[in-house]
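Novice: I'm passing along upload_4.json; it holds JSON, C-alpha atoms.
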[["chain", "number", "residue", "atom", "x", "y", "z"],
["A", 481, "MET", "CA", 5.51, -39.90, -108.14],
["A", 482, "LEU", "CA", 3.35, -41.02, -105.26],
["A", 483, "HIS", "CA", 1.25, -38.67, -103.13],
["A", 484, "SER", "CA", 0.04, -40.35, -99.95],
["A", 485, "ALA", "CA", -2.05, -39.38, -96.92],
["A", 486, "PRO", "CA", -3.94, -41.01, -94.04],
["A", 487, "LEU", "CA", -7.08, -40.62, -96.16],
["A", 488, "VAL", "CA", -7.77, -40.23, -99.89],
["A", 489, "LEU", "CA", -11.18, -39.11, -101.18],
["A", 490, "PRO", "CA", -11.34, -40.00, -104.91],
["A", 491, "VAL", "CA", -15.05, -38.89, -105.06],
["A", 492, "CYS", "CA", -15.74, -41.42, -107.86],
["A", 493, "ASP", "CA", -15.09, -44.21, -105.36],
["A", 494, "ASP", "CA", -15.19, -44.84, -101.62],
["A", 495, "PRO", "CA", -12.68, -43.18, -99.26],
["A", 496, "ILE", "CA", -9.35, -45.00, -98.91],
["A", 497, "ARG", "CA", -7.59, -45.23, -95.55],
["A", 498, "ASP", "CA", -3.78, -44.91, -95.74],
["A", 499, "GLY", "CA", -4.33, -44.11, -99.39],
["A", 500, "ALA", "CA", -2.21, -42.82, -102.22],
["A", 501, "VAL", "CA", -2.31, -41.43, -105.74],
["A", 502, "VAL", "CA", 0.36, -42.39, -108.28],
["A", 503, "ILE", "CA", 0.91, -39.79, -110.99],
["A", 504, "ARG", "CA", 3.14, -39.49, -114.04],
["A", 505, "GLY", "CA", 3.34, -36.06, -115.61],
["A", 506, "ASP", "CA", -0.10, -34.45, -115.40],
["A", 507, "ARG", "CA", -2.11, -37.70, -115.22],
["A", 508, "VAL", "CA", -3.20, -40.13, -112.53],
["A", 509, "LEU", "CA", -1.96, -43.69, -113.05],
["A", 510, "GLN", "CA", -3.79, -45.32, -110.14],
["A", 511, "VAL", "CA", -5.46, -44.66, -106.80],
["A", 512, "GLY", "CA", -5.44, -47.15, -103.94],
["A", 513, "THR", "CA", -3.82, -48.02, -100.64],
["A", 514, "ARG", "CA", -0.25, -46.84, -100.18],
["A", 515, "ALA", "CA", 1.09, -50.35, -99.61],
["A", 516, "GLU", "CA", -0.62, -51.70, -102.74],
["A", 517, "LEU", "CA", 0.62, -48.93, -105.01],
["A", 518, "LEU", "CA", 4.21, -49.07, -103.70],
["A", 519, "SER", "CA", 4.27, -52.77, -104.53],
["A", 520, "CYS", "CA", 2.90, -52.27, -108.06],
["A", 521, "PHE", "CA", 4.65, -49.12, -109.33],
["A", 522, "PRO", "CA", 8.34, -48.18, -109.53],
["A", 523, "VAL", "CA", 7.84, -45.03, -107.48],
["A", 524, "SER", "CA", 10.83, -42.69, -107.58],
["A", 525, "GLU", "CA", 9.51, -40.08, -105.17],
["A", 526, "GLU", "CA", 6.86, -39.88, -102.46],
["A", 527, "ARG", "CA", 5.14, -36.80, -101.09],
["A", 528, "ARG", "CA", 3.61, -37.67, -97.74],
["A", 529, "TRP", "CA", 0.77, -35.34, -96.76],
["A", 530, "PRO", "CA", -1.01, -35.03, -93.40],
["A", 531, "GLY", "CA", -4.80, -35.09, -93.41],
["A", 532, "MET", "CA", -6.86, -35.82, -96.51],
["A", 533, "ILE", "CA", -6.22, -35.82, -100.27],
["A", 534, "VAL", "CA", -9.43, -34.79, -102.06],
["A", 535, "ALA", "CA", -10.24, -34.75, -105.77],
["A", 536, "GLY", "CA", -9.89, -31.13, -106.87],
["A", 537, "PRO", "CA", -12.82, -28.80, -106.05],
["A", 538, "VAL", "CA", -14.22, -27.05, -109.15],
["A", 539, "ASP", "CA", -15.70, -23.54, -108.99],
["A", 540, "ALA", "CA", -18.59, -23.54, -111.47],
["A", 541, "CYS", "CA", -18.84, -19.75, -111.70],
["A", 542, "SER", "CA", -16.38, -17.07, -110.61],
["A", 543, "VAL", "CA", -15.94, -13.43, -111.58],
["A", 544, "VAL", "CA", -13.01, -12.64, -109.27],
["A", 545, "PRO", "CA", -9.48, -12.48, -110.75],
["A", 546, "SER", "CA", -7.95, -15.37, -108.80],
["A", 547, "ALA", "CA", -9.17, -18.77, -107.71],
["A", 548, "ALA", "CA", -9.92, -19.52, -104.06],
["A", 549, "LEU", "CA", -7.50, -21.64, -102.08],
["A", 550, "GLY", "CA", -7.83, -25.33, -102.98],
["A", 551, "VAL", "CA", -9.73, -24.78, -106.23],
["A", 552, "THR", "CA", -8.10, -26.70, -109.10],
["A", 553, "ALA", "CA", -10.38, -25.58, -111.98],
["A", 554, "ARG", "CA", -13.11, -23.02, -112.50],
["A", 555, "ALA", "CA", -15.54, -21.32, -114.84],
["A", 556, "SER", "CA", -14.16, -17.78, -115.07],
["A", 557, "VAL", "CA", -16.52, -15.06, -116.35],
["A", 558, "VAL", "CA", -14.81, -12.10, -118.05],
["A", 559, "CYS", "CA", -15.89, -9.12, -120.13],
["A", 560, "ASP", "CA", -12.85, -9.43, -122.38],
["A", 561, "LEU", "CA", -10.68, -12.44, -123.16],
["A", 562, "ALA", "CA", -7.68, -10.20, -122.51],
["A", 563, "GLU", "CA", -8.56, -10.84, -118.85],
["A", 564, "LEU", "CA", -7.64, -14.53, -119.11],
["A", 565, "THR", "CA", -6.27, -15.68, -115.76],
["A", 566, "GLY", "CA", -4.52, -18.89, -116.73],
["A", 567, "VAL", "CA", -6.47, -20.85, -114.10],
["A", 568, "PRO", "CA", -7.44, -24.26, -115.56],
["A", 569, "GLY", "CA", -11.05, -24.67, -116.61],
["A", 570, "ILE", "CA", -13.14, -22.61, -119.04],
["A", 571, "THR", "CA", -13.19, -18.85, -119.54],
["A", 572, "TYR", "CA", -16.64, -17.52, -120.44],
["A", 573, "ILE", "CA", -16.88, -14.19, -122.25],
["A", 574, "GLU", "CA", -19.94, -12.14, -121.29],
["A", 575, "VAL", "CA", -22.55, -11.10, -123.85],
["A", 576, "ASN", "CA", -24.59, -8.17, -122.48],
["A", 577, "ALA", "CA", -26.04, -6.59, -125.63],
["A", 578, "ASP", "CA", -29.32, -4.79, -124.85],
["A", 579, "SER", "CA", -30.57, -4.81, -128.43],
["A", 580, "GLU", "CA", -30.15, -6.66, -131.72],
["A", 581, "GLU", "CA", -28.55, -3.53, -133.17],
["A", 582, "ASP", "CA", -25.82, -3.43, -130.50],
["A", 583, "TRP", "CA", -25.23, -7.14, -130.94],
["A", 584, "GLU", "CA", -25.04, -7.06, -134.74],
["A", 585, "GLU", "CA", -23.04, -3.84, -135.02],
["A", 586, "ARG", "CA", -20.47, -4.31, -132.25],
["A", 587, "GLU", "CA", -20.53, -7.21, -129.88],
["A", 588, "ARG", "CA", -21.08, -10.18, -132.20],
["A", 589, "ASP", "CA", -17.99, -9.57, -134.35],
["A", 590, "ALA", "CA", -15.91, -8.80, -131.27],
["A", 591, "VAL", "CA", -16.91, -12.11, -129.65],
["A", 592, "ILE", "CA", -16.23, -14.11, -132.82],
["A", 593, "THR", "CA", -12.83, -12.42, -133.30],
["A", 594, "ALA", "CA", -11.86, -13.10, -129.70],
["A", 595, "ILE", "CA", -12.87, -16.75, -129.98],
["A", 596, "ARG", "CA", -10.89, -17.24, -133.19],
["A", 597, "GLU", "CA", -7.78, -15.51, -131.91],
["A", 598, "ILE", "CA", -7.57, -17.14, -128.50],
["A", 599, "ASP", "CA", -4.53, -19.37, -128.06],
["A", 600, "ARG", "CA", -5.55, -22.98, -127.71],
["A", 601, "PRO", "CA", -5.74, -25.16, -125.65],
["A", 602, "CYS", "CA", -7.38, -22.46, -123.52],
["A", 603, "ALA", "CA", -11.05, -23.41, -123.42],
["A", 604, "VAL", "CA", -13.57, -20.62, -123.96],
["A", 605, "GLY", "CA", -17.35, -20.36, -123.71],
["A", 606, "ILE", "CA", -20.06, -17.71, -123.75],
["A", 607, "ALA", "CA", -21.86, -16.33, -120.69],
["A", 608, "ALA", "CA", -25.29, -15.38, -122.04],
["A", 609, "ARG", "CA", -26.17, -12.37, -119.85],
["A", 610, "THR", "CA", -28.25, -10.48, -122.43],
["A", 611, "ARG", "CA", -31.96, -10.01, -121.68],
["A", 612, "ASN", "CA", -32.86, -9.63, -125.36],
["A", 613, "PRO", "CA", -34.54, -12.86, -126.58],
["A", 614, "GLN", "CA", -33.30, -12.52, -130.17],
["A", 615, "VAL", "CA", -29.72, -11.95, -129.07],
["A", 616, "LEU", "CA", -30.03, -14.86, -126.66],
["A", 617, "GLU", "CA", -31.17, -17.12, -129.50],
["A", 618, "ASP", "CA", -28.28, -16.02, -131.73],
["A", 619, "VAL", "CA", -25.81, -16.62, -128.91],
["A", 620, "ALA", "CA", -27.07, -20.21, -128.64],
["A", 621, "VAL", "CA", -26.59, -20.68, -132.41],
["A", 622, "LEU", "CA", -23.11, -19.13, -132.21],
["A", 623, "ALA", "CA", -22.10, -21.45, -129.39],
["A", 624, "ARG", "CA", -23.25, -24.53, -131.31],
["A", 625, "THR", "CA", -21.46, -23.31, -134.45],
["A", 626, "PHE", "CA", -18.11, -22.95, -132.68],
["A", 627, "GLY", "CA", -18.64, -25.91, -130.32],
["A", 628, "LEU", "CA", -18.56, -23.70, -127.22],
["A", 629, "ARG", "CA", -20.10, -24.21, -123.83],
["A", 630, "LEU", "CA", -22.76, -21.82, -122.52],
["A", 631, "LEU", "CA", -23.34, -20.29, -119.11],
["A", 632, "ALA", "CA", -26.67, -18.65, -118.21],
["A", 633, "ASP", "CA", -28.10, -16.99, -115.11],
["A", 634, "LEU", "CA", -31.48, -18.01, -113.67],
["A", 635, "ASP", "CA", -31.69, -14.66, -111.90],
["A", 636, "ARG", "CA", -31.91, -13.04, -115.37],
["A", 637, "HIS", "CA", -33.90, -15.66, -117.29],
["A", 638, "SER", "CA", -36.36, -18.37, -116.43],
["A", 639, "PRO", "CA", -35.53, -21.92, -117.53],
["A", 640, "ALA", "CA", -38.47, -21.71, -119.97],
["A", 641, "GLU", "CA", -37.00, -18.59, -121.63],
["A", 642, "LEU", "CA", -33.60, -20.22, -121.94],
["A", 643, "ASP", "CA", -35.12, -23.38, -123.34],
["A", 644, "GLU", "CA", -37.15, -21.47, -125.93],
["A", 645, "ALA", "CA", -33.97, -19.71, -127.09],
["A", 646, "GLY", "CA", -32.13, -23.04, -127.43],
["A", 647, "VAL", "CA", -29.69, -22.32, -124.62],
["A", 648, "LEU", "CA", -30.42, -25.24, -122.28],
["A", 649, "GLY", "CA", -28.86, -28.64, -122.84],
["A", 650, "PRO", "CA", -25.88, -30.77, -121.78],
["A", 651, "LEU", "CA", -23.47, -28.15, -123.20],
["A", 652, "CYS", "CA", -24.86, -25.49, -120.86],
["A", 653, "HIS", "CA", -24.88, -24.92, -117.13],
["A", 654, "VAL", "CA", -26.82, -22.31, -115.21],
["A", 655, "THR", "CA", -26.15, -20.28, -112.08],
["A", 656, "CYS", "CA", -28.87, -19.88, -109.48],
["A", 657, "THR", "CA", -29.39, -18.04, -106.18],
["A", 658, "ARG", "CA", -33.18, -18.45, -105.89],
["A", 659, "PRO", "CA", -35.58, -21.32, -105.18],
["A", 660, "LEU", "CA", -36.78, -23.24, -108.25],
["A", 661, "ASP", "CA", -40.31, -24.57, -108.58],
["A", 662, "PRO", "CA", -40.92, -28.26, -109.43],
["A", 663, "GLY", "CA", -41.54, -27.47, -113.11],
["A", 664, "GLU", "CA", -38.27, -25.56, -113.44],
["A", 665, "ARG", "CA", -36.34, -28.32, -111.71],
["A", 666, "LYS", "CA", -37.88, -30.90, -114.03],
["A", 667, "LEU", "CA", -37.10, -28.92, -117.19],
["A", 668, "LEU", "CA", -33.46, -28.50, -116.21],
["A", 669, "ARG", "CA", -33.26, -32.19, -115.35],
["A", 670, "LEU", "CA", -34.76, -33.22, -118.70],
["A", 671, "ARG", "CA", -32.32, -30.95, -120.56],
["A", 672, "GLU", "CA", -29.38, -32.42, -118.60],
["A", 673, "THR", "CA", -28.34, -28.93, -117.53],
["A", 674, "VAL", "CA", -26.18, -28.65, -114.41],
["A", 675, "ILE", "CA", -27.29, -26.09, -111.81],
["A", 676, "ALA", "CA", -24.48, -24.14, -110.14],
["A", 677, "LEU", "CA", -25.63, -22.81, -106.79],
["A", 678, "CYS", "CA", -23.97, -19.50, -105.92],
["A", 679, "PRO", "CA", -23.86, -18.01, -102.40],
["A", 680, "SER", "CA", -26.40, -15.29, -101.65],
["A", 681, "GLY", "CA", -27.32, -14.92, -98.01],
["A", 682, "THR", "CA", -28.96, -17.90, -96.30],
["A", 683, "PRO", "CA", -29.26, -20.83, -98.72],
["A", 684, "HIS", "CA", -32.68, -22.30, -99.49],
["A", 685, "VAL", "CA", -31.91, -25.64, -97.88],
["A", 686, "THR", "CA", -35.22, -27.32, -98.67],
["A", 687, "ASP", "CA", -34.83, -26.34, -102.33],
["A", 688, "VAL", "CA", -31.31, -27.81, -102.44],
["A", 689, "LEU", "CA", -32.55, -31.02, -100.84],
["A", 690, "ALA", "CA", -35.37, -31.22, -103.39],
["A", 691, "LEU", "CA", -32.88, -30.81, -106.25],
["A", 692, "LEU", "CA", -30.71, -33.59, -104.85],
["A", 693, "ASP", "CA", -33.66, -35.87, -104.12],
["A", 694, "GLU", "CA", -35.13, -35.45, -107.61],
["A", 695, "GLY", "CA", -31.82, -36.14, -109.34],
["A", 696, "ASN", "CA", -30.76, -32.74, -110.68],
["A", 697, "SER", "CA", -27.02, -32.33, -111.26],
["A", 698, "LEU", "CA", -25.60, -29.72, -108.87],
["A", 699, "ALA", "CA", -22.38, -27.75, -108.65],
["A", 700, "PHE", "CA", -21.22, -24.76, -106.61],
["A", 701, "GLY", "CA", -19.90, -21.40, -107.72],
["A", 702, "SER", "CA", -18.35, -18.59, -105.72],
["A", 703, "GLY", "CA", -19.88, -15.84, -107.91],
["A", 704, "ARG", "CA", -18.46, -12.51, -106.79],
["A", 705, "GLU", "CA", -17.34, -13.84, -103.43],
["A", 706, "ALA", "CA", -13.75, -15.01, -103.11],
["A", 707, "ARG", "CA", -14.27, -17.66, -100.46],
["A", 708, "ALA", "CA", -11.27, -19.30, -98.85],
["A", 709, "ALA", "CA", -12.95, -22.70, -99.03],
["A", 710, "GLY", "CA", -13.99, -22.34, -102.68],
["A", 711, "PRO", "CA", -17.02, -24.44, -103.66],
["A", 712, "LEU", "CA", -16.72, -26.41, -100.41],
["A", 713, "GLY", "CA", -17.76, -23.24, -98.55],
["A", 714, "PRO", "CA", -21.35, -23.16, -99.91],
["A", 715, "ALA", "CA", -21.56, -26.93, -99.47],
["A", 716, "ALA", "CA", -20.59, -26.61, -95.81],
["A", 717, "THR", "CA", -23.10, -23.78, -95.31],
["A", 718, "ILE", "CA", -25.93, -25.89, -96.71],
["A", 719, "ARG", "CA", -24.98, -28.79, -94.45],
["A", 720, "ARG", "CA", -24.91, -26.51, -91.40],
["A", 721, "HIS", "CA", -28.32, -25.00, -92.14],
["A", 722, "ALA", "CA", -29.80, -28.44, -92.78],
["A", 723, "ARG", "CA", -28.57, -29.55, -89.35],
["A", 724, "GLU", "CA", -30.02, -26.42, -87.74],
["A", 725, "LEU", "CA", -33.41, -27.32, -89.24],
["A", 726, "GLY", "CA", -33.11, -30.88, -87.95],
["A", 727, "LEU", "CA", -32.78, -32.27, -91.49],
["A", 728, "ARG", "CA", -30.38, -35.20, -91.88],
["A", 729, "PRO", "CA", -31.04, -36.87, -95.25],
["A", 730, "ARG", "CA", -29.09, -40.04, -95.85],
["A", 731, "GLY", "CA", -25.88, -39.46, -97.78],
["A", 732, "LEU", "CA", -26.18, -35.65, -97.79],
["A", 733, "ASP", "CA", -22.53, -35.01, -96.86],
["A", 734, "ARG", "CA", -21.25, -37.15, -99.71],
["A", 735, "LYS", "CA", -23.67, -35.60, -102.23],
["A", 736, "LEU", "CA", -22.55, -32.09, -101.26],
["A", 737, "VAL", "CA", -18.86, -32.98, -101.65],
["A", 738, "GLU", "CA", -19.62, -34.61, -105.01],
["A", 739, "ALA", "CA", -21.39, -31.43, -106.13],
["A", 740, "ALA", "CA", -18.34, -29.33, -105.17],
["A", 741, "THR", "CA", -15.97, -31.56, -107.16],
["A", 742, "LEU", "CA", -17.47, -33.88, -109.77],
["A", 743, "GLY", "CA", -20.55, -31.65, -110.13],
["A", 744, "GLY", "CA", -18.36, -28.71, -111.06],
["A", 745, "ALA", "CA", -16.54, -30.87, -113.59],
["A", 746, "ARG", "CA", -19.89, -31.83, -115.15],
["A", 747, "ALA", "CA", -20.84, -28.15, -115.38],
["A", 748, "LEU", "CA", -17.71, -27.52, -117.43],
["A", 749, "GLY", "CA", -18.13, -30.70, -119.49],
["A", 750, "MET", "CA", -14.82, -32.01, -118.15],
["A", 751, "ASP", "CA", -16.01, -35.00, -116.10],
["A", 752, "ARG", "CA", -15.33, -37.77, -118.63],
["A", 753, "GLY", "CA", -12.55, -39.27, -120.67],
["A", 754, "PRO", "CA", -8.77, -38.83, -120.45],
["A", 755, "GLY", "CA", -7.78, -35.71, -118.54],
["A", 756, "ARG", "CA", -11.11, -35.50, -116.74],
["A", 757, "ILE", "CA", -11.31, -33.50, -113.54],
["A", 758, "GLY", "CA", -13.40, -33.54, -110.35],
["A", 759, "SER", "CA", -12.48, -37.13, -109.44],
["A", 760, "LEU", "CA", -9.34, -39.22, -109.01],
["A", 761, "GLY", "CA", -8.94, -42.35, -111.11],
["A", 762, "PRO", "CA", -6.69, -43.79, -113.83],
["A", 763, "GLY", "CA", -6.39, -41.30, -116.71],
["A", 764, "ALA", "CA", -7.79, -38.33, -114.78],
["A", 765, "ARG", "CA", -5.83, -35.09, -114.62],
["A", 766, "ALA", "CA", -3.69, -35.03, -111.49],
["A", 767, "ASP", "CA", -5.72, -32.34, -109.72],
["A", 768, "PHE", "CA", -6.34, -32.51, -106.00],
["A", 769, "ALA", "CA", -6.35, -30.47, -102.83],
["A", 770, "VAL", "CA", -5.11, -31.51, -99.40],
["A", 771, "PHE", "CA", -7.03, -30.57, -96.26],
["A", 772, "ASP", "CA", -6.03, -30.88, -92.63],
["A", 773, "ALA", "CA", -9.06, -33.08, -91.95],
["A", 774, "ARG", "CA", -9.35, -36.27, -89.96],
["A", 775, "GLY", "CA", -12.12, -38.34, -88.48],
["A", 776, "ARG", "CA", -14.32, -41.36, -88.74],
["A", 777, "TYR", "CA", -16.67, -39.68, -91.22],
["A", 778, "PRO", "CA", -14.53, -38.22, -94.05],
["A", 779, "TYR", "CA", -17.23, -36.20, -95.86],
["A", 780, "ALA", "CA", -18.44, -34.62, -92.62],
["A", 781, "ALA", "CA", -14.84, -33.83, -91.62],
["A", 782, "LEU", "CA", -14.23, -32.12, -94.97],
["A", 783, "LEU", "CA", -17.41, -30.01, -94.65],
["A", 784, "ALA", "CA", -16.41, -28.90, -91.15],
["A", 785, "GLY", "CA", -14.14, -26.30, -92.77],
["A", 786, "PRO", "CA", -10.59, -27.63, -92.25],
["A", 787, "PRO", "CA", -7.73, -25.53, -93.67],
["A", 788, "CYS", "CA", -6.37, -26.32, -97.12],
["A", 789, "ILE", "CA", -2.66, -27.13, -96.80],
["A", 790, "GLY", "CA", -1.78, -27.89, -100.40],
["A", 791, "THR", "CA", -3.02, -27.92, -104.00],
["A", 792, "VAL", "CA", -1.77, -29.98, -106.94],
["A", 793, "VAL", "CA", -2.89, -28.99, -110.45],
["A", 794, "GLY", "CA", -1.83, -31.06, -113.44],
["A", 795, "GLY", "CA", 0.67, -32.88, -111.24],
["A", 796, "VAL", "CA", 2.35, -29.64, -110.13],
["A", 797, "GLU", "CA", 2.23, -28.55, -106.49],
["A", 798, "ARG", "CA", 1.06, -24.97, -106.08]]
Before we go any further, please render this structure as structure tokens.
Specialist:
Amino acid sequence: MLHSAPLVLPVCDDPIRDGAVVIRGDRVLQVGTRAELLSCFPVSEERRWPGMIVAGPVDACSVVPSAALGVTARASVVCDLAELTGVPGITYIEVNADSEEDWEERERDAVITAIREIDRPCAVGIAARTRNPQVLEDVAVLARTFGLRLLADLDRHSPAELDEAGVLGPLCHVTCTRPLDPGERKLLRLRETVIALCPSGTPHVTDVLALLDEGNSLAFGSGREARAAGPLGPAATIRRHARELGLRPRGLDRKLVEAATLGGARALGMDRGPGRIGSLGPGARADFAVFDARGRYPYAALLAGPPCIGTVVGGVER
């Protein structure tokens, strides 16, 4: 099947005018111009969309029951795996134990049992919300033992505390609503830990620009706010505030869109290999959203807040 539109934004490559995505089942076969792909593939059906096809936005942290419009994968935080939503991505079970006794006597066994009993291929991880340093350290060991991803909150722990407990690393991503000092940014960068920026009032634009300039990996999460634009909402807000301050760094629009898509995929560890998400290319999962956006500058047009008119997840239109 071929999905075509006046513009395709693969994220991992430059925008394609009069572009298309050829899919078979739940995977992308190729991305290119419509004319080129029609001449190379025996297409049996075409879905012609208005506007712009964009690699699926990924919500890097959400605690609301349903995904925002246009979101194709997300990190869902739940208190109990019985709350599984079925939205593609990773479901993180919260660990909130206040003491080692609570953790050892109740919560630890409950978490291990839930992890073992969950029906695969549902991907699960652990959201380390506990403030107890010993419990935090054991959670990190537990995650490594079961090969699970970790999610931590920089409003609860400093990067140094998380690093000392063994939480930080490429298998972990952190949520953040506050400014980070240069030392914290450097530590997270060295540990290859993605930072998911979650909305909380007016964003700290200069801090976001510093993170991008220094090379930290960024993503966006909706947190407790069910935003219609998903992770593109915070990205658009940051762009708007940067413009209000007279700040126009080169390539900012593209970097913000990449953070809302490929950055979210990196946070979930799903940005590489067959079935990867957050970008459109051969072998990627056929996840994308369609926005009623047009214009000479595609990334700017997308961050202007156009309506989402369609979502395809795993090749299935939703």
Novice: How close does segment 655-698 of chain A get to segment 540-553 of chain A? List, as a Markdown table, each residue of segment 655-698 of chain A within 8 Å, its nearest atom pair and the distance in Å to one decimal, counting all atoms listed in the file.
Specialist:
| residue | atom | partner | partner_atom | distance |
| --- | --- | --- | --- | --- |
| A:Thr655 | CA | A:Cys541 | CA | 7.3 |
| A:Ala676 | CA | A:Ala540 | CA | 6.1 |
| A:Cys678 | CA | A:Cys541 | CA | 7.7 |
Novice: Excluding segment 751-764 of chain A and residues on its chain fewer than 5 positions from it, collect all residues at most 8 Å away from it, counting all atoms listed in the file, and give them as a compact mmCIF listing (two decimals) with C-alpha atoms, in the coordinates of the input.
Specialist:
# COMPACT_ATOMS: atom_id res chain seq x y z
CA PRO A 490 -11.34 -40.00 -104.91
CA VAL A 491 -15.05 -38.89 -105.06
CA CYS A 492 -15.74 -41.42 -107.86
CA ARG A 507 -2.11 -37.70 -115.22
CA VAL A 508 -3.20 -40.13 -112.53
CA LEU A 509 -1.96 -43.69 -113.05
CA GLN A 510 -3.79 -45.32 -110.14
CA VAL A 511 -5.46 -44.66 -106.80
CA ALA A 535 -10.24 -34.75 -105.77
CA GLY A 536 -9.89 -31.13 -106.87
CA PRO A 537 -12.82 -28.80 -106.05
CA VAL A 538 -14.22 -27.05 -109.15
CA THR A 741 -15.97 -31.56 -107.16
CA LEU A 742 -17.47 -33.88 -109.77
CA GLY A 743 -20.55 -31.65 -110.13
CA GLY A 744 -18.36 -28.71 -111.06
CA ALA A 745 -16.54 -30.87 -113.59
CA ARG A 746 -19.89 -31.83 -115.15
Novice: Report the distance between atom CA of Thr673 of chain A and atom CA of Ala603 of chain A in Å, rounded to one decimal place.
Specialist: 19.1 Å
Novice: Have a look at A:Gly646, A:Pro787, A:Pro778, A:Gly710 and name the one nearest to Gln614 of chain A; count all atoms listed in the file.
Specialist: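 Between A:Gly646, A:Pro787, A:Pro778, A:Gly710, the residue approaching Gln614 of chain A most closely is A:Gly646.
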Novice: Mind checking which residues fall within 9 Å of Pro659 of chain A, counting only C-alpha atoms, ignoring those fewer than 5 positions away in the same chain, and posting them as a short mmCIF file (atom, residue, chain, number, x, y, z; two decimals) with C-alpha atoms, in the frame of the given file?
Specialist:
data_model
loop_
_atom_site.label_atom_id
_atom_site.label_comp_id
_atom_site.auth_asym_id
_atom_site.auth_seq_id
_atom_site.Cartn_x
_atom_site.Cartn_y
_atom_site.Cartn_z
CA HIS A 684 -32.68 -22.30 -99.49
CA THR A 686 -35.22 -27.32 -98.67
CA ASP A 687 -34.83 -26.34 -102.33
CA VAL A 688 -31.31 -27.81 -102.44
#
Novice: Let me make sure I understand: among A:Pro786, A:Gly701, A:Gly749, A:Gly795, which one has the smallest atom-to-atom distance to Gly649 of chain A if we use all atoms listed in the file?
Specialist: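 Using all atoms listed in the file, the shortest distance to Gly649 of chain A belongs to A:Gly749.
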Novice: Excluding Arg798 of chain A and its own-chain neighbours fewer than 6 positions away, which residues fall within 12 Å of it when counting only C-alpha atoms? Please give them as a ChimeraX atom specification.
Specialist: /A:549-552,567,767-770,788-792
Novice: Just the number, please: distance in Å from atom CA of Asp498 of chain A to atom CA of Ala766 of chain A, one decimal.
Specialist: 18.6 Å
Novice: Which residues are near Val575 of chain A? Cut-off 6 Å, all atoms listed in the file, ignore same chain within fewer than 5 positions. Put them as a list in words.
Specialist: Ala608, Arg609 and Thr610 of chain A
Novice: Could you tell me how far atom CA of Val523 of chain A lies from atom CA of Gly505 of chain A, in Å and to one decimal?
Specialist: 12.9 Å
Novice: Which residue, A:Met532, A:Val647, A:Ala640, A:Leu631, has the smallest gap to Asp772 of chain A when you use only C-alpha atoms?
Specialist: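 The answer is A:Met532, which sits nearest to Asp772 of chain A.
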Novice: Pick the closest to Leu630 of chain A from A:Ala747, A:Leu698, A:Ile592, A:Leu660: which is it, counting all atoms listed in the file?
Specialist: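 Nearest candidate to Leu630 of chain A out of A:Ala747, A:Leu698, A:Ile592, A:Leu660: A:Ala747.
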Novice: Might you pull out every residue within 10 Å of segment 714-728 of chain A, with all atoms listed in the file counted and same-chain residues fewer than 4 positions away left off, and present them as a PyMOL selection string?
Specialist: chain A and resi 677-680+682-686+688-689+699-702+707+709-710+732-733+735-740+780+782-785
Novice: Kindly add N, CA, C and O atoms to the incomplete segment 522-529 of chain A and provide the output as a PDB file, keeping the file's coordinate frame.
Specialist:
ATOM      1  N   PRO A 522       6.959 -48.570-109.855  1.00  0.00           N
ATOM      2  CA  PRO A 522       8.340 -48.180-109.530  1.00  0.00           C
ATOM      3  C   PRO A 522       8.405 -46.711-109.134  1.00  0.00           C
ATOM      4  O   PRO A 522       8.892 -45.850-109.883  1.00  0.00           O
ATOM      5  N   VAL A 523       7.924 -46.410-107.949  1.00  0.00           N
ATOM      6  CA  VAL A 523       7.840 -45.030-107.480  1.00  0.00           C
ATOM      7  C   VAL A 523       9.236 -44.476-107.210  1.00  0.00           C
ATOM      8  O   VAL A 523      10.041 -45.092-106.503  1.00  0.00           O
ATOM      9  N   SER A 524       9.520 -43.308-107.778  1.00  0.00           N
ATOM     10  CA  SER A 524      10.830 -42.690-107.580  1.00  0.00           C
ATOM     11  C   SER A 524      10.817 -41.629-106.497  1.00  0.00           C
ATOM     12  O   SER A 524      11.855 -41.250-105.973  1.00  0.00           O
ATOM     13  N   GLU A 525       9.618 -41.128-106.182  1.00  0.00           N
ATOM     14  CA  GLU A 525       9.510 -40.080-105.170  1.00  0.00           C
ATOM     15  C   GLU A 525       8.157 -40.165-104.496  1.00  0.00           C
ATOM     16  O   GLU A 525       7.147 -40.449-105.154  1.00  0.00           O
ATOM     17  N   GLU A 526       8.125 -39.909-103.191  1.00  0.00           N
ATOM     18  CA  GLU A 526       6.860 -39.880-102.460  1.00  0.00           C
ATOM     19  C   GLU A 526       6.698 -38.559-101.736  1.00  0.00           C
ATOM     20  O   GLU A 526       7.628 -38.063-101.106  1.00  0.00           O
ATOM     21  N   ARG A 527       5.497 -38.009-101.857  1.00  0.00           N
ATOM     22  CA  ARG A 527       5.140 -36.800-101.090  1.00  0.00           C
ATOM     23  C   ARG A 527       4.106 -37.232-100.073  1.00  0.00           C
ATOM     24  O   ARG A 527       2.982 -37.593-100.424  1.00  0.00           O
ATOM     25  N   ARG A 528       4.493 -37.238 -98.810  1.00  0.00           N
ATOM     26  CA  ARG A 528       3.610 -37.670 -97.740  1.00  0.00           C
ATOM     27  C   ARG A 528       2.893 -36.454 -97.159  1.00  0.00           C
ATOM     28  O   ARG A 528       3.523 -35.530 -96.648  1.00  0.00           O
ATOM     29  N   TRP A 529       1.573 -36.457 -97.250  1.00  0.00           N
ATOM     30  CA  TRP A 529       0.770 -35.340 -96.760  1.00  0.00           C
ATOM     31  C   TRP A 529       0.062 -35.731 -95.455  1.00  0.00           C
ATOM     32  O   TRP A 529      -0.363 -36.878 -95.304  1.00  0.00           O
TER      33      TRP A 529
END
